[in-house]
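Q: input.pdb is reproduced in full below (PDB, C-alpha atoms).
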ATOM      1  CA  MET J   1     123.353-100.716 -63.298
ATOM      2  CA  PHE J   2     126.541 -98.890 -64.188
ATOM      3  CA  PHE J   3     124.563 -96.111 -65.873
ATOM      4  CA  PHE J   4     122.889 -94.971 -62.649
ATOM      5  CA  GLN J   5     126.094 -94.533 -60.661
ATOM      6  CA  SER J   6     127.390 -90.999 -60.763
ATOM      7  CA  SER J   7     130.987 -90.219 -60.016
ATOM      8  CA  LYS J   8     131.797 -88.223 -56.926
ATOM      9  CA  PRO J   9     133.328 -84.788 -57.427
ATOM     10  CA  ARG J  10     136.955 -84.293 -56.548
ATOM     11  CA  ARG J  11     137.759 -82.783 -53.190
ATOM     12  CA  PHE J  12     138.925 -79.194 -53.121
ATOM     13  CA  HIS J  13     142.665 -78.856 -52.600
ATOM     14  CA  HIS J  14     144.439 -75.532 -52.748
ATOM     15  CA  GLU J  15     148.150 -74.977 -52.282
ATOM     16  CA  TYR J  16     149.328 -71.489 -51.541
ATOM     17  CA  MET J  17     151.537 -69.951 -54.189
ATOM     18  CA  TYR J  18     153.458 -67.608 -51.929
ATOM     19  CA  VAL J  19     154.433 -69.355 -48.733
ATOM     20  CA  ASP J  20     157.430 -68.465 -46.622
ATOM     21  CA  GLU J  21     158.639 -71.935 -45.607
ATOM     22  CA  ARG J  22     161.499 -70.519 -43.573
ATOM     23  CA  LYS J  23     159.107 -68.440 -41.470
ATOM     24  CA  GLU J  24     156.895 -71.479 -40.801
ATOM     25  CA  PHE J  25     159.930 -73.577 -39.907
ATOM     26  CA  LEU J  26     161.150 -70.941 -37.448
ATOM     27  CA  SER J  27     157.716 -70.604 -35.841
ATOM     28  CA  ASP J  28     157.549 -74.396 -35.378
ATOM     29  CA  ILE J  29     160.956 -74.350 -33.690
ATOM     30  CA  GLU J  30     159.843 -71.528 -31.394
ATOM     31  CA  LYS J  31     156.706 -73.445 -30.396
ATOM     32  CA  ARG J  32     158.727 -76.584 -29.611
ATOM     33  CA  VAL J  33     161.207 -74.624 -27.496
ATOM     34  CA  LYS J  34     158.398 -72.909 -25.569
ATOM     35  CA  ASN J  35     156.767 -76.285 -24.863
ATOM     36  CA  GLU J  36     160.078 -77.752 -23.674
ATOM     37  CA  LEU J  37     160.678 -74.791 -21.367
ATOM     38  CA  GLU J  38     157.182 -75.102 -19.908
ATOM     39  CA  GLN J  39     157.717 -78.808 -19.279
ATOM     40  CA  GLN J  40     161.059 -78.176 -17.544
ATOM     41  CA  ASP J  41     159.427 -75.695 -15.190
ATOM     42  CA  GLU J  42     157.002 -78.349 -13.928
ATOM     43  CA  PRO J  43     158.057 -80.196 -10.778
ATOM     44  CA  LYS J  44     159.418 -83.684 -11.337
ATOM     45  CA  GLU J  45     157.406 -85.172  -8.450
ATOM     46  CA  GLY J  46     154.099 -84.692 -10.226
ATOM     47  CA  TYR J  47     155.550 -86.211 -13.374
ATOM     48  CA  ARG J  48     156.722 -89.297 -11.515
ATOM     49  CA  GLU J  49     153.395 -89.755  -9.740
ATOM     50  CA  GLY J  50     151.570 -89.422 -13.049
ATOM     51  CA  LEU J  51     153.723 -92.111 -14.603
ATOM     52  CA  GLN J  52     153.147 -94.439 -11.657
ATOM     53  CA  ARG J  53     149.396 -93.867 -11.871
ATOM     54  CA  ARG J  54     149.365 -94.616 -15.608
ATOM     55  CA  LEU J  55     151.382 -97.793 -15.133
ATOM     56  CA  SER J  56     149.213 -99.037 -12.283
ATOM     57  CA  HIS J  57     146.041 -98.477 -14.324
ATOM     58  CA  SER J  58     147.469-100.180 -17.404
ATOM     59  CA  LEU J  59     148.347-103.400 -15.539
ATOM     60  CA  ARG J  60     144.967-104.086 -13.962
ATOM     61  CA  PRO J  61     143.974-107.787 -13.969
ATOM     62  CA  GLN J  62     140.539-106.999 -15.430
ATOM     63  CA  GLN J  63     142.102-105.737 -18.646
ATOM     64  CA  VAL J  64     144.288-108.820 -18.972
ATOM     65  CA  LEU J  65     141.334-111.169 -18.480
ATOM     66  CA  THR J  66     139.156-109.445 -21.069
ATOM     67  CA  HIS J  67     141.701-110.090 -23.830
ATOM     68  CA  LYS J  68     142.085-113.789 -23.030
ATOM     69  CA  HIS J  69     140.443-114.951 -26.265
ATOM     70  CA  ASN J  70     143.081-113.159 -28.333
ATOM     71  CA  ARG J  71     145.800-115.335 -26.835
ATOM     72  CA  PHE J  72     143.965-118.508 -27.816
ATOM     73  CA  THR J  73     143.407-117.401 -31.397
ATOM     74  CA  ALA J  74     147.060-116.419 -31.684
ATOM     75  CA  MET J  75     148.013-119.853 -30.359
ATOM     76  CA  TRP J  76     145.857-121.624 -32.953
ATOM     77  CA  VAL J  77     147.186-119.485 -35.781
ATOM     78  CA  SER J  78     150.768-120.204 -34.755
ATOM     79  CA  LEU J  79     150.023-123.942 -34.526
ATOM     80  CA  ILE J  80     148.441-123.983 -37.986
ATOM     81  CA  LEU J  81     151.314-122.022 -39.513
ATOM     82  CA  SER J  82     153.951-124.225 -37.910
ATOM     83  CA  ALA J  83     152.111-127.369 -39.103
ATOM     84  CA  GLY J  84     152.030-125.923 -42.617
ATOM     85  CA  VAL J  85     155.754-125.194 -42.565
ATOM     86  CA  ILE J  86     156.532-128.706 -41.329
ATOM     87  CA  ALA J  87     154.288-130.181 -44.049
ATOM     88  CA  LEU J  88     156.121-128.152 -46.708
ATOM     89  CA  LEU J  89     159.506-129.280 -45.398
ATOM     90  CA  ILE J  90     158.425-132.928 -45.488
ATOM     91  CA  LEU J  91     157.072-132.440 -49.012
ATOM     92  CA  PHE J  92     160.389-130.949 -50.191
ATOM     93  CA  LEU J  93     162.319-133.820 -48.583
ATOM     94  CA  PHE J  94     160.282-136.426 -50.466
ATOM     95  CA  ILE J  95     160.565-134.552 -53.775
ATOM     96  CA  ALA J  96     164.350-134.116 -53.531
TER      97      ALA J  96
END
Is it possible to give me this structure as structure tokens?
A:
Amino acid sequence: MFFFQSSKPRRFHHEYMYVDERKEFLSDIEKRVKNELEQQDEPKEGYREGLQRRLSHSLRPQQVLTHKHNRFTAMWVSLILSAGVIALLILFLFIA
């Protein structure tokens, strides 16, 4: 059925011929500096409270319990890999 499959057209990609890279670089620097100045003007108390809130929400016991099955699969994978490495070491000892 290779005859019925049509190839997809290439995506359109256009690069500008006349681009002032220096101007773009300077505008990016200006944007970063403006963002940094705006962040410095904010009070530090709100920043600290926001961090504490994010940390308290990330360490909830419900989230830890929902991912319990991942720990068991990781344990089995590590046991299988370690058994394979030990088997290879024993094989090399008997060959040598």
Q: What is the CA of Glu21 in chain J to CA of Leu37 in chain J distance in Å?
A: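 Interatomic distance here is 24.5 Å.
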Q: Please determine an axis-aligned box that encloses all atoms of range 20-32 of chain J listed in the file, with 8 Å added on each side, and express its centre and edge lengths in Å to one decimal as AutoDock Vina command-line options.
A:
--center_x 159.1 --center_y -72.5 --center_z -38.1 --size_x 20.8 --size_y 24.1 --size_z 33.0
Q: So how many Å separate CA of Lys34 in chain J and CA of Leu55 in chain J, to one decimal?
A: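 CA of Leu55 in chain J lies at a distance of 27.9 Å from CA of Lys34 in chain J.
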Q: What is the CA of Ala74 in chain J-CA of Leu91 in chain J distance in Å, reported with one decimal?
A: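 We find that CA of Ala74 in chain J and CA of Leu91 in chain J lie 25.6 Å from each other.
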